[in-house]
Amino acid sequence: MSERTLRGKVAIAGVGETIYYRHGQSPDAEFKLALQAVLAACSDAGIDPRDVDGFASYGGDRSEAVRLAAALGIKELRFSNMFWGGGGGGVCGAVANAAAAVHSGMADCVIAFRSLAQGQFARYGRGNAAAAVGGDDAFLAPYGLMSPAQRFAMKITRFMTDNGIRHEALRAIAMTSYHHAQSNPNAVMRGRPLDEAKYDASRWIIEPFHRLFDCCQENDGAAAVLVVPADRAKDMPHRPVYLLGTAQGGHHRSAAPVHNAPDYASAHFKTVARNMWEMAKLGPKDCNVVQAYENFTGGVLLSLVEHGFVDPRTANEELVLDRLLAPGGAMPMNTSGGNLAECYMHGLEMVNEAVRQLRGTAHNQVPGAEVVAVLGGPMVTPVSSLVVGTEATL
Amino acid sequence: MSSTVLPAGLPAPAIEPLTGPYWEGTRAGRLVIQKCRGCGRHQWGPEWICHRCHSFDLDWAEVAPRGRIWSWQRPHHPVHGALAGHTPYTIVLVELPHADNVRMVGNLICPPDAEVELGAAVEAVFEPHDAADPPYTLVQWRLAG
C-alpha cells in the first residue's frame with residue numbers, strides 16, 4: 001500500500017486578504033469582504049475565479065459555499081466543506097480539508113477562507129443574554145463563566161502554576177505580535193506599539209494570567225488561500241508553498257463536558273502535533289518561523305509546548321522578546337502581528353503570512369525561510385495545525 | 001450582604017431531561033451526579049451514555065459535597081450586563097476525589113482579593129434562587145473549615 005500522506009501533494013498558489021478593520025469599522029458587508037478575499041487570492045494565483053471548484057471554511061463561517069459559488073459564477077462546485085468547532089480551532093483544518101479534496105481528486109482548485117465582520121454580528125467577549133441556558137452552559141453561565149477567555153482561563157492557571165511559568169512569558173508573546181505589527185501596513189495595531197510598562201499597566205480581564213493585552217482583538221475582514229495540486233502550482237506565478245504536514249482533532253475526551261477533559265490543562269494538540277510532525281517528517285527544530293494562534297497568550301504557551309517548540313521547564317527563559325522577533329530571533333513568531341495586532345481573522349491571516357515568509361515577501365522577513373509551522377486556535381476542540389515548506393524541503 | 005454570590009440577572013440553568021435529577025438534588029440540598037449501572041463509575045457532566053462502558057443505563061447517585069480546588073480564575077471584565085459593578089468574582093474548578101475525580105464549576109465564596117491555592121479543600125454551599133421561575137439551586141463552594 002502506498003504511503004497515505006498529503007506531504008508535497010498540494011500547494012498554496014494564492015493568498016488574498018481584505019483591508020483589516022477594528023470591529024464594526026468595515027464599510028463593507030461580511031459577505032462582500034469574503035468575495036474580496038477570494039478574488040484577491042485568485043488574482044494572486046493568476047486564475048479565473050470561475051475556475052475555483054471548492055470552498056472550505058471553519059468556525060461556522062456565514063459566507064456559505066453555495067452563495068459564494070453563485071455570486072462568483074463558479075462553473076462547477078465540486079467541494080463544499082465546513083470544519084466543526086468555534087473560533088480558529090479549524091483554521092489549519094480548513095486548509096487541510098481543501099488539500100484532501102484536491103489530492104483525492106474530488107476538486108482541483110479549492111479556496112480555504114474565513115470572513116468575519118464581528119461588528120455586524122454578535123461580539124465574542126460578551127456573554128449569552130438569554131434568560132435560561134441549557135447544555136454545558138447551564139453549569140457554567142449561572143456562575144458568570146460565559147466568555148471564551150473564561151472558558152480557557154482555568155487551563156492556563158493550572159498549567160502555569162504547576163510549571164512555575166511567570167506572566168512575563170506571556171508578556172513577551174504579546175509584545176512580539178505588537179512589535180511585528182508596527183511594520184505591517186495592513187495591521188490594525190500599526191502605530192500602537194506595546195512596551196512592558198503599557199502591558200503591565202493594562203487592566204485585568206481575568207486574574208491571574210489575562211491582562212487586556214493577553215487577549216485577541218475583535219475585527220472585521222476576510223482572508224483566503226487557494227489550494228491546488230502540486231504539479232499545477234509549478235506553472236503558476238508564485239513560488240509554490242507546499243503542504244508538508246497537517247493534522248486535526250483532539251486527544252482523549254478533550255471536549256468532555258463541564259471542564260472534565262482528563263488532560264485538562266492543555267491546548268489539546270498533543271496527538272495532533274505528533275501526527276502533523278509525522279506526516280511532515282520534520283520537527284519543531286526544522287522550522288524557521290512559527291505562527292501560533294493567539295486567542296489568549298496562555299494558549300500560545302500551551303501550543304508551543306505541545307508542538308515541541310518550548311520546554312515548560314525553561315519556558316521563562318525561552319519566551320523572551322529577543323528570541324521571538326524577526327529577523328534574527330531563535331524562534332521568530334507571529335511575524336505579521338498575529339491575531340493580537342495584525343487582525344483576528346481567526347488565524348487565516350497567519351496562513352497568509354506563512355506563505356509570504358516562504359515566498360520571501362513578508363514585511364518582517366526571516367531570511368531564507370524554508371519551513372513555517374502554523375498552529376491553529378488552541379484549547380478549543382477540534383484543533384488543527386499545519387506545516388508548509390518551499391520546494392527545497394520536498 | 002446578598003444571599004447569592006453573584007447578582008441577579010445572570011442566565012438561569014435550563015432544567016432539561018438529561019440534567020433534571022441533578023437540579024432536583026440541589027433543590028433538596030444534595031449533590032447528585034451520574035453514576036453508571038454498568039460499570040459503577042461516576043461521570044460529569046451529564047451525558048446519555050457512559051463514556052467508559054457505553055451503557056445507556058445511567059443512574060444518579062448522591063456524593064459527598066466536598067472536593068479540592070483543581071484550578072481557578074477571577075474575572076474582572078463584566079461579560080454580562082448583570083455583572084457590571086460586581087467584579088471581580090472567583091470561579092473554581094473543583095475536583096471530587098471520592099467520585100472518580102469528576103470536576104464541577106462554581107464560585108468560591110471568598111473576598112475579592114483572597115489568595116486561592118490549588119488543592120485546597122472546599123465544601124459545597126447550596127444557593128437557592130427561590131424567586132426564579134422555575135426556582136433552582138446553584139452549588140457554590142467555600143474553603144472547608
# chains A, B, ... in the order shown; residues from 1 in each chain; ligands from 1
>>> select_by_dssp(residues="stretch 46-77 of chain B", states="strand (DSSP E or B)", output="list in words")
Leu58, Asp59, Trp60, Ala61, Glu62, Arg66, Gly67, Arg68, Ile69, Trp70, Ser71, Trp72, Gln73, Arg74 and Pro75 of chain B
>>> write_last_selection(atoms="N, CA and C atoms", output="CSV table (one decimal), in the first residue's frame")
chain,number,residue,atom,x,y,z
B,58,LEU,N,-27.7,4.8,32.9
B,58,LEU,CA,-27.1,5.7,33.9
B,58,LEU,C,-28.0,6.1,35.0
B,59,ASP,N,-27.5,5.9,36.2
B,59,ASP,CA,-28.3,6.2,37.4
B,59,ASP,C,-27.7,7.5,37.9
B,60,TRP,N,-28.4,8.0,39.0
B,60,TRP,CA,-27.9,9.2,39.7
B,60,TRP,C,-27.6,8.9,41.1
B,61,ALA,N,-26.5,9.3,41.6
B,61,ALA,CA,-26.1,9.0,43.0
B,61,ALA,C,-25.7,10.2,43.7
B,62,GLU,N,-26.0,10.2,45.0
B,62,GLU,CA,-25.6,11.3,45.9
B,62,GLU,C,-24.1,11.1,46.2
B,66,ARG,N,-18.0,17.6,48.9
B,66,ARG,CA,-16.7,18.1,49.3
B,66,ARG,C,-15.8,17.8,48.1
B,67,GLY,N,-14.7,18.6,48.0
B,67,GLY,CA,-13.7,18.5,46.9
B,67,GLY,C,-12.5,19.3,47.2
B,68,ARG,N,-11.7,19.4,46.2
B,68,ARG,CA,-10.5,20.2,46.3
B,68,ARG,C,-10.3,21.1,45.0
B,69,ILE,N,-9.8,22.2,45.2
B,69,ILE,CA,-9.7,23.2,44.1
B,69,ILE,C,-8.6,22.7,43.1
B,70,TRP,N,-9.1,22.5,41.8
B,70,TRP,CA,-8.2,22.0,40.8
B,70,TRP,C,-7.7,23.1,40.0
B,71,SER,N,-8.5,24.2,39.8
B,71,SER,CA,-8.0,25.4,39.1
B,71,SER,C,-8.9,26.5,39.5
B,72,TRP,N,-8.6,27.7,39.1
B,72,TRP,CA,-9.4,28.9,39.4
B,72,TRP,C,-9.2,30.0,38.5
B,73,GLN,N,-10.1,31.0,38.5
B,73,GLN,CA,-9.9,32.2,37.8
B,73,GLN,C,-10.7,33.3,38.5
B,74,ARG,N,-10.3,34.6,38.2
B,74,ARG,CA,-11.0,35.7,38.9
B,74,ARG,C,-11.3,36.8,37.8
B,75,PRO,N,-12.5,36.7,37.2
B,75,PRO,CA,-12.9,37.6,36.1
B,75,PRO,C,-13.1,39.0,36.7
>>> residues_around(residues="B:Glu123", least_positions_apart="3", cutoff="7 Å", atoms="only C-alpha atoms", output="list in words")
Pro65, Arg66, Gly67, Trp141, Arg142, Leu143 and Ala144 of chain B
>>> interface_residues(of="chain B", to="chain A", cutoff="7 Å", atoms="only C-alpha atoms", output="NGL selection string")
:B and (10-14 or 44-45 or 71-77 or 79-80 or 102-107)
>>> atom_distance(atom1="atom CA of A:Leu301", atom2="atom CA of A:Gly283")
17.5 Å
>>> select_by_dssp(residues="stretch 244-312 of chain A", states="helix (DSSP H, G or I)", output="compact mmCIF listing (two decimals) with C-alpha atoms, in the first residue's frame")
# COMPACT_ATOMS: atom_id res chain seq x y z
CA LYS A 270 -0.76 16.52 21.97
CA THR A 271 -1.85 13.91 19.43
CA VAL A 272 -2.44 16.47 16.67
CA ALA A 273 1.11 17.82 16.85
CA ARG A 274 2.55 14.30 16.82
CA ASN A 275 0.52 13.39 13.75
CA MET A 276 1.44 16.58 11.94
CA TRP A 277 5.18 16.15 12.51
CA GLU A 278 4.97 12.51 11.44
CA MET A 279 3.38 13.47 8.14
CA ALA A 280 5.82 16.31 7.62
CA PRO A 284 9.98 21.96 15.54
CA LYS A 285 13.74 22.44 15.17
CA ASP A 286 13.36 22.35 11.38
CA THR A 297 -1.35 34.38 25.19
CA GLY A 298 -1.59 31.48 27.63
CA GLY A 299 -2.93 29.35 24.81
CA VAL A 300 0.12 30.23 22.73
CA LEU A 301 2.30 28.95 25.55
CA LEU A 302 0.40 25.66 25.62
CA SER A 303 0.53 25.34 21.81
CA LEU A 304 4.25 25.95 21.69
CA VAL A 305 4.86 23.40 24.42
CA GLU A 306 2.67 20.73 22.83
CA PRO A 312 7.87 24.03 30.02
>>> residues_around(residues="A:Ile12", least_positions_apart="3", cutoff="7 Å", atoms="only C-alpha atoms", output="list in words")
Val225, Leu226, Val227, Val228, Pro240, Val241 and Tyr242 of chain A
>>> decode(residues="stretch 230-251 of chain A", atoms="N, CA and C atoms", output="compact mmCIF listing (two decimals), in the first residue's frame")
# COMPACT_ATOMS: atom_id res chain seq x y z
N ALA A 230 0.07 19.96 -6.47
CA ALA A 230 1.45 20.43 -6.51
C ALA A 230 1.94 20.62 -7.94
N ASP A 231 1.60 19.70 -8.82
CA ASP A 231 2.08 19.80 -10.20
C ASP A 231 1.58 21.07 -10.88
N ARG A 232 0.32 21.40 -10.60
CA ARG A 232 -0.27 22.58 -11.21
C ARG A 232 0.38 23.86 -10.68
N ALA A 233 0.76 23.84 -9.40
CA ALA A 233 1.30 25.05 -8.78
C ALA A 233 2.61 25.48 -9.43
N LYS A 234 3.32 24.51 -10.00
CA LYS A 234 4.63 24.84 -10.60
C LYS A 234 4.48 25.80 -11.78
N ASP A 235 3.31 25.78 -12.42
CA ASP A 235 3.11 26.63 -13.60
C ASP A 235 2.42 27.94 -13.26
N MET A 236 2.29 28.22 -11.97
CA MET A 236 1.56 29.44 -11.57
C MET A 236 2.58 30.52 -11.18
N PRO A 237 2.11 31.76 -11.03
CA PRO A 237 3.06 32.89 -10.96
C PRO A 237 4.05 32.85 -9.79
N HIS A 238 3.60 32.39 -8.61
CA HIS A 238 4.46 32.48 -7.43
C HIS A 238 5.16 31.16 -7.15
N ARG A 239 6.24 31.27 -6.41
CA ARG A 239 6.94 30.09 -5.92
C ARG A 239 5.95 29.25 -5.10
N PRO A 240 5.74 27.99 -5.43
CA PRO A 240 4.74 27.20 -4.68
C PRO A 240 5.11 27.04 -3.21
N VAL A 241 4.09 27.05 -2.40
CA VAL A 241 4.25 26.77 -0.97
C VAL A 241 3.57 25.43 -0.71
N TYR A 242 4.39 24.43 -0.42
CA TYR A 242 3.89 23.05 -0.33
C TYR A 242 3.40 22.73 1.08
N LEU A 243 2.29 22.04 1.14
CA LEU A 243 1.85 21.49 2.42
C LEU A 243 2.71 20.27 2.72
N LEU A 244 3.38 20.32 3.89
CA LEU A 244 4.26 19.21 4.27
C LEU A 244 3.59 18.29 5.29
N GLY A 245 2.79 18.86 6.14
CA GLY A 245 2.11 18.03 7.15
C GLY A 245 0.95 18.79 7.72
N THR A 246 -0.05 18.05 8.12
CA THR A 246 -1.21 18.68 8.77
C THR A 246 -1.96 17.62 9.55
N ALA A 247 -2.63 18.06 10.60
CA ALA A 247 -3.45 17.15 11.41
C ALA A 247 -4.49 17.97 12.14
N GLN A 248 -5.54 17.30 12.54
CA GLN A 248 -6.59 17.96 13.30
C GLN A 248 -7.21 16.97 14.27
N GLY A 249 -8.00 17.48 15.19
CA GLY A 249 -8.71 16.62 16.14
C GLY A 249 -8.45 17.04 17.57
N GLY A 250 -8.26 16.07 18.43
CA GLY A 250 -8.01 16.36 19.84
C GLY A 250 -7.71 15.06 20.56
N HIS A 251 -7.02 15.14 21.68
CA HIS A 251 -6.69 13.91 22.39
C HIS A 251 -7.90 13.42 23.20
